Amino acid sequence: MNPLTFRTATAADIPALVSLVTSAYRGEVSKQGWTTEADLLDGQRIDPEGLLHDIERARSRILIAERDGQMLACAHVAVENDAGYFGMFSVRPDLQGGGVGKAMIAEAERVAREDWRQPAMRMSVIDVRDELIAFYERRGYARTGIKKPFPYGDERFGIPKRDDLRFEVLEKPL
């Protein structure tokens with residue numbers, strides 16, 4: 001099997017990125033993997049305009065992991081509030097649990113640490129996602145106790161199926 005390669009997304013990748021992110025988090029296809037949010041949220045997970053903004057802004061990259069020219073995973077890494085920020089992490093549902101995600105996290109951390117000289121990486125996770133938080137804790141992230149409200153009413157982030165959603169910030173020293 002050929003190794004994974006990493007590259008930075010361009011505007012031409014937006015349709016494939018929307019498809020990948022949606023498949024990892026929303027709808028029936030997402031239930032093939034363990035990262036699904038389909039029981040918590042309906043609607044979109046990402047919009048093309050938001051992706052273009054993240055692709056074009058300074059100190060922000062959408063990373064893509066590929067093998068043999070096929071997009072397998074992606075993540076957004078950026079500099080926000082004096083630390084790296086990790087988000088939009090998506091692995092094709094049929095490949096979850098096979099090491100692709102771990103490699104993507106390592107590449108995102110490398111970018112934040114080596115390219116942007118950030119001391120830490122942060123992310124926001126829906127706080128009822130215990131299995132996802134445990135996954136990140138096994139990779140060195142810690143719960144900060146900082147909670148952020150879920151953007152109810154802003155369908156760019158999905159349509160909630162319950163009224164108790166909020167984000168918790170996790171952090172890892174780099």
# chains A, B, ... in the order shown; residues from 1 in each chain; ligands from 1
$ select_by_dssp --residues "segment 76-174 of chain A" --states "strand (DSSP E)" --output "NGL selection string"
:A and (76-80 or 83-91 or 120-126 or 142-149 or 159-160 or 166-173)
$ select_by_dssp --residues "segment 47-130 of chain A" --states "helix (DSSP H, G or I)" --output "number ranges by chain"
A: 48-56, 93-95, 100-115, 130
$ atom_distance --atom1 "atom CA of Gln96 of chain A" --atom2 "atom CA of Asp42 of chain A"
21.0 Å
$ closest_residue --among "A:Gly158, A:Phe167, A:Met1, A:Ala24" --to "Arg143 of chain A" --atoms "only C-alpha atoms"
A:Phe167
$ residues_around --residues "Leu174 of chain A" --least-positions-apart "2" --cutoff "9 Å" --atoms "only C-alpha atoms" --output "PyMOL selection string"
chain A and resi 109-110+112-113+118-121+172
$ closest_atom_pairs --of "segment 96-158 of chain A" --to "segment 67-88 of chain A" --cutoff "12 Å" --atoms "only C-alpha atoms" --output "tab-separated table"
residue	atom	partner	partner_atom	distance
A:Gln96	CA	A:Ala73	CA	9.6
A:Gly98	CA	A:Leu72	CA	11.2
A:Gly99	CA	A:Ala73	CA	10.8
A:Val100	CA	A:Ala73	CA	7.2
A:Gly101	CA	A:Ala73	CA	7.1
A:Lys102	CA	A:Ala73	CA	10.4
A:Ala103	CA	A:Ala73	CA	9.6
A:Met104	CA	A:Ala73	CA	7.2
A:Ile105	CA	A:Ala75	CA	8.1
A:Ala106	CA	A:Phe86	CA	11.0
A:Glu107	CA	A:Ala75	CA	9.6
A:Ala108	CA	A:Val77	CA	6.1
A:Glu109	CA	A:Gly84	CA	7.9
A:Arg110	CA	A:Gly84	CA	10.2
A:Val111	CA	A:Val77	CA	7.8
A:Ala112	CA	A:Gly84	CA	5.3
A:Arg113	CA	A:Gly84	CA	7.9
A:Glu114	CA	A:Gly84	CA	10.9
A:Asp115	CA	A:Gly84	CA	10.6
A:Trp116	CA	A:Val79	CA	7.7
A:Arg117	CA	A:Gly84	CA	8.9
A:Gln118	CA	A:Ala83	CA	5.3
A:Pro119	CA	A:Ala83	CA	6.2
A:Ala120	CA	A:Ala83	CA	5.3
A:Met121	CA	A:Gly84	CA	4.4
A:Arg122	CA	A:Tyr85	CA	4.9
A:Met123	CA	A:Phe86	CA	5.2
A:Ser124	CA	A:Gly87	CA	7.4
A:Val125	CA	A:Gly87	CA	8.9
A:Ile126	CA	A:Gly87	CA	11.8
A:Tyr136	CA	A:Phe86	CA	11.4
A:Tyr141	CA	A:Phe86	CA	11.4
A:Phe157	CA	A:Met88	CA	11.3
$ closest_residue --among "A:Ala58, A:Leu40, A:Ile46, A:Val18" --to "Asp154 of chain A" --atoms "only C-alpha atoms"
A:Ile46
$ residues_around --residues "Glu168 of chain A" --least-positions-apart "2" --cutoff "12 Å" --atoms "only C-alpha atoms" --output "list of chain:residue names"
A:Arg122, A:Met123, A:Ser124, A:Val125, A:Ile126, A:Asp127, A:Val128, A:Arg129, A:Asp130, A:Leu132, A:Ile133, A:Tyr141, A:Ala142, A:Arg143, A:Thr144, A:Gly145, A:Ile146, A:Lys147, A:Lys148, A:Pro149, A:Phe150, A:Leu165, A:Arg166, A:Leu170, A:Glu171
$ write_last_selection --atoms "N, CA and C atoms" --output "short mmCIF file (atom, residue, chain, number, x, y, z; two decimals), in the first residue's frame"
data_model
loop_
_atom_site.label_atom_id
_atom_site.label_comp_id
_atom_site.auth_asym_id
_atom_site.auth_seq_id
_atom_site.Cartn_x
_atom_site.Cartn_y
_atom_site.Cartn_z
N ARG A 122 -5.53 23.69 20.08
CA ARG A 122 -6.85 23.67 20.71
C ARG A 122 -7.90 23.21 19.71
N MET A 123 -8.99 22.71 20.25
CA MET A 123 -10.13 22.35 19.42
C MET A 123 -11.38 22.48 20.27
N SER A 124 -12.52 22.53 19.60
CA SER A 124 -13.82 22.55 20.26
C SER A 124 -14.58 21.29 19.86
N VAL A 125 -15.08 20.56 20.85
CA VAL A 125 -15.80 19.31 20.63
C VAL A 125 -17.15 19.40 21.32
N ILE A 126 -18.19 18.91 20.68
CA ILE A 126 -19.50 18.87 21.33
C ILE A 126 -19.34 18.03 22.60
N ASP A 127 -19.68 18.60 23.73
CA ASP A 127 -19.31 17.98 25.01
C ASP A 127 -20.06 16.71 25.36
N VAL A 128 -21.11 16.35 24.63
CA VAL A 128 -21.78 15.07 24.88
C VAL A 128 -21.15 13.94 24.07
N ARG A 129 -20.12 14.23 23.31
CA ARG A 129 -19.43 13.23 22.50
C ARG A 129 -18.31 12.57 23.31
N ASP A 130 -18.68 11.81 24.31
CA ASP A 130 -17.70 11.22 25.23
C ASP A 130 -16.66 10.36 24.52
N LEU A 132 -15.57 10.61 21.47
CA LEU A 132 -14.68 11.46 20.69
C LEU A 132 -13.69 12.18 21.62
N ILE A 133 -14.18 12.67 22.74
CA ILE A 133 -13.29 13.32 23.71
C ILE A 133 -12.26 12.31 24.21
N TYR A 141 -4.63 15.31 24.37
CA TYR A 141 -5.45 16.50 24.60
C TYR A 141 -6.12 16.39 25.97
N ALA A 142 -6.33 17.54 26.59
CA ALA A 142 -6.97 17.57 27.90
C ALA A 142 -8.16 18.52 27.87
N ARG A 143 -9.16 18.17 28.65
CA ARG A 143 -10.33 19.04 28.79
C ARG A 143 -9.89 20.27 29.56
N THR A 144 -10.28 21.44 29.08
CA THR A 144 -9.91 22.69 29.75
C THR A 144 -10.99 23.17 30.71
N GLY A 145 -12.19 22.62 30.58
CA GLY A 145 -13.32 23.12 31.37
C GLY A 145 -13.98 24.34 30.75
N ILE A 146 -13.39 24.84 29.67
CA ILE A 146 -13.98 26.00 28.98
C ILE A 146 -15.10 25.49 28.08
N LYS A 147 -16.29 26.04 28.29
CA LYS A 147 -17.46 25.66 27.51
C LYS A 147 -17.88 26.84 26.65
N LYS A 148 -18.36 26.52 25.46
CA LYS A 148 -18.86 27.54 24.54
C LYS A 148 -20.26 27.14 24.10
N PRO A 149 -21.13 28.11 23.90
CA PRO A 149 -22.49 27.77 23.49
C PRO A 149 -22.53 27.23 22.06
N PHE A 150 -23.46 26.32 21.80
CA PHE A 150 -23.70 25.87 20.44
C PHE A 150 -24.46 26.97 19.71
N LEU A 165 -26.83 20.99 23.58
CA LEU A 165 -25.51 20.93 22.95
C LEU A 165 -24.68 22.16 23.31
N ARG A 166 -23.43 21.93 23.54
CA ARG A 166 -22.45 23.00 23.72
C ARG A 166 -21.08 22.42 23.39
N LEU A 170 -10.68 21.56 24.11
CA LEU A 170 -9.59 20.66 24.49
C LEU A 170 -8.29 21.29 24.06
N GLU A 171 -7.20 20.97 24.76
CA GLU A 171 -5.90 21.58 24.45
C GLU A 171 -4.79 20.57 24.67
#
